[in-house]
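Right, one structure below, let's go through it.
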Amino acid sequence: MLMPLQQHPIHLSFYNLKSGNVTEFLQTATWNPMANLDTHLTLPVYTDGNTGAGMLDLGVNWAFINKPVSFIDNVTLNFDLKLPTDSAGFSGSGVNPVIGASTKGTTGVDKLSWNTGMSWEFNTDGDFIPVFNGFTTDDIMNVNGALNYEVLKSVDLGVVYNFWYLDSGNSLSTIGPVVDWNVCNNAKLWR
């Protein structure tokens with residue numbers, strides 16, 4: 001049975017960078033054409049005094065392993081294409097393929113979950129990455145992990161770690177608290 005197109009809450013992230021503050025708005029729609037496979041379309045919008053769209057992300061996720069052990073929910077392969085929007089300097093002008101893998105699960109502690117993943121973006125002509133203070137033409141690797149604790153039905157608290165690497169040799173690590181709040185059916189605040 002085919003699942004209908006689902007629109008997800010707007011996802012807001014706030015960055016306080018050397019070059020100034022950046023707010024990221026993500027709107028995602030997903031469609032599940034079959035069990036263990038979902039497709040998604042994500043449009044990021046950035047504002048730092050100027051406002052514009054980032055690279056349009058069209059992707060597919062395949063959960064090829066489900067519940068191998070009690071604490072792992074699934075292992076997923078990811079493939080995305082980032083498409084240019086050419087909007088206010090927040091997008092490149094080429095198509096960037098992205099490959100990755102992720103996994104998530106539970107712990108022995110009630111309401112405590114975890115997730116981890118990695119991705120590699122083959123940057124053909126630029127992308128806007130807030131943690132690197134904006135536009136970059138380098139290939140981008142991201143390795144991440146998080147622990148989340150559900151304090152209320154609509155509020156999770158946690159910690160997230162990200163390692164970012166550009167193929168020019170620049171890298172950085174970020175770690176910080178996360179507040180994930182489903183404000184209503186169509187809005188989510190994160191970070």
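Residues in the structure tokens are numbered from 1 in each chain, the chains being A, B, ... in the order shown, and ligands are numbered from 1 in the order shown.
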Residue neighbourhood Trp164 of chain A, 6 Å, only C-alpha atoms, exclusion window fewer than 3 positions, as a list of chain:residue names | A:Met141, A:Asn142, A:Ser171, A:Leu172
Write out the residues from the selection above, keeping all heavy atoms, as a compact mmCIF listing (two decimals), in the first residue's frame.
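Below is the file again.txt, written as the result:
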# COMPACT_ATOMS: atom_id res chain seq x y z
N MET A 141 32.37 16.32 4.43
CA MET A 141 32.05 15.12 5.19
C MET A 141 31.46 15.56 6.53
O MET A 141 31.95 16.50 7.13
CB MET A 141 33.28 14.26 5.45
CG MET A 141 32.94 12.99 6.23
SD MET A 141 34.36 11.95 6.61
CE MET A 141 35.15 12.90 7.89
N ASN A 142 30.42 14.86 6.96
CA ASN A 142 29.84 15.11 8.28
C ASN A 142 29.63 13.77 8.97
O ASN A 142 29.06 12.86 8.40
CB ASN A 142 28.51 15.85 8.16
CG ASN A 142 27.81 16.02 9.49
OD1 ASN A 142 26.75 15.49 9.72
ND2 ASN A 142 28.43 16.76 10.39
N SER A 171 38.67 21.41 9.18
CA SER A 171 37.72 20.59 9.91
C SER A 171 37.34 21.31 11.19
O SER A 171 38.04 22.21 11.65
CB SER A 171 38.30 19.22 10.22
OG SER A 171 39.39 19.33 11.11
N LEU A 172 36.22 20.90 11.75
CA LEU A 172 35.82 21.41 13.05
C LEU A 172 34.85 20.44 13.69
O LEU A 172 34.19 19.66 13.02
CB LEU A 172 35.23 22.83 12.98
CG LEU A 172 33.93 23.08 12.23
CD1 LEU A 172 32.74 22.91 13.14
CD2 LEU A 172 33.94 24.49 11.70
List the neighbours of Gly126 of chain A out to 8 Å using only C-alpha atoms; skip same-chain residues closer than 3 positions along the sequence, and give me the result as a ChimeraX atom specification.
-> /A:91-94,123,135-138
Contacts of segment 100-108 of chain A at 12 Å or less, counting only C-alpha atoms, minus same-chain residues fewer than 2 places along, as a PyMOL selection string?
-> chain A and resi 59-81+97-98+110-122+140-150
Please identify which residues in segment 136-181 of chain A DSSP calls strand (DSSP E or B) from the backbone, and express them as a ChimeraX atom specification.
-> /A:136,140-152,155-166,171-181
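Put simply, atom CA of Val178 of chain A is 15.1 Å away from atom CA of Glu24 of chain A.
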Shortest contact to Asp127 of chain A, candidates A:Asn162, A:Ser154, A:Asn32, A:Ser87, atoms counted only C-alpha atoms, goes to A:Ser87
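Considering the residues A:Trp181, A:Asp139, A:Asn133, A:Ser13 and counting only C-alpha atoms, Ser168 of chain A has its shortest atom-to-atom contact with A:Asp139.
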Show which residues sit within 6 Å of segment 47-54 of chain A, as a PyMOL selection string. Count only C-alpha atoms, and ignore same-chain residues fewer than 2 positions away.
-> chain A and resi 21-23+44-45+87-88+90-91
Can you list, as a JSON list (two decimals) with C-alpha atoms, in the first residue's frame, every protein, DNA or RNA residue that comes within 8 Å of Val131 of chain A when you count only C-alpha atoms, leaving out same-chain residues fewer than 3 positions away?
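And here's around.json as it stands now:
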[["chain", "number", "residue", "atom", "x", "y", "z"],
["A", 15, "TYR", "CA", 23.76, 29.57, 14.48],
["A", 17, "LEU", "CA", 28.95, 32.46, 14.02],
["A", 134, "GLY", "CA", 28.81, 30.23, 4.60]]
Residue with smallest distance to Leu166 of chain A - pool A:Met55, A:Ile129, A:Ile99, A:Val151, counting only C-alpha atoms | A:Ile129
What gap, in Å, lies between atom CA of Asp38 of chain A and atom CA of Leu157 of chain A?
-> 26.4 Å
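When atom CA of Leu41 of chain A is paired with atom CA of Ile175 of chain A, their separation reads 27.1 Å.
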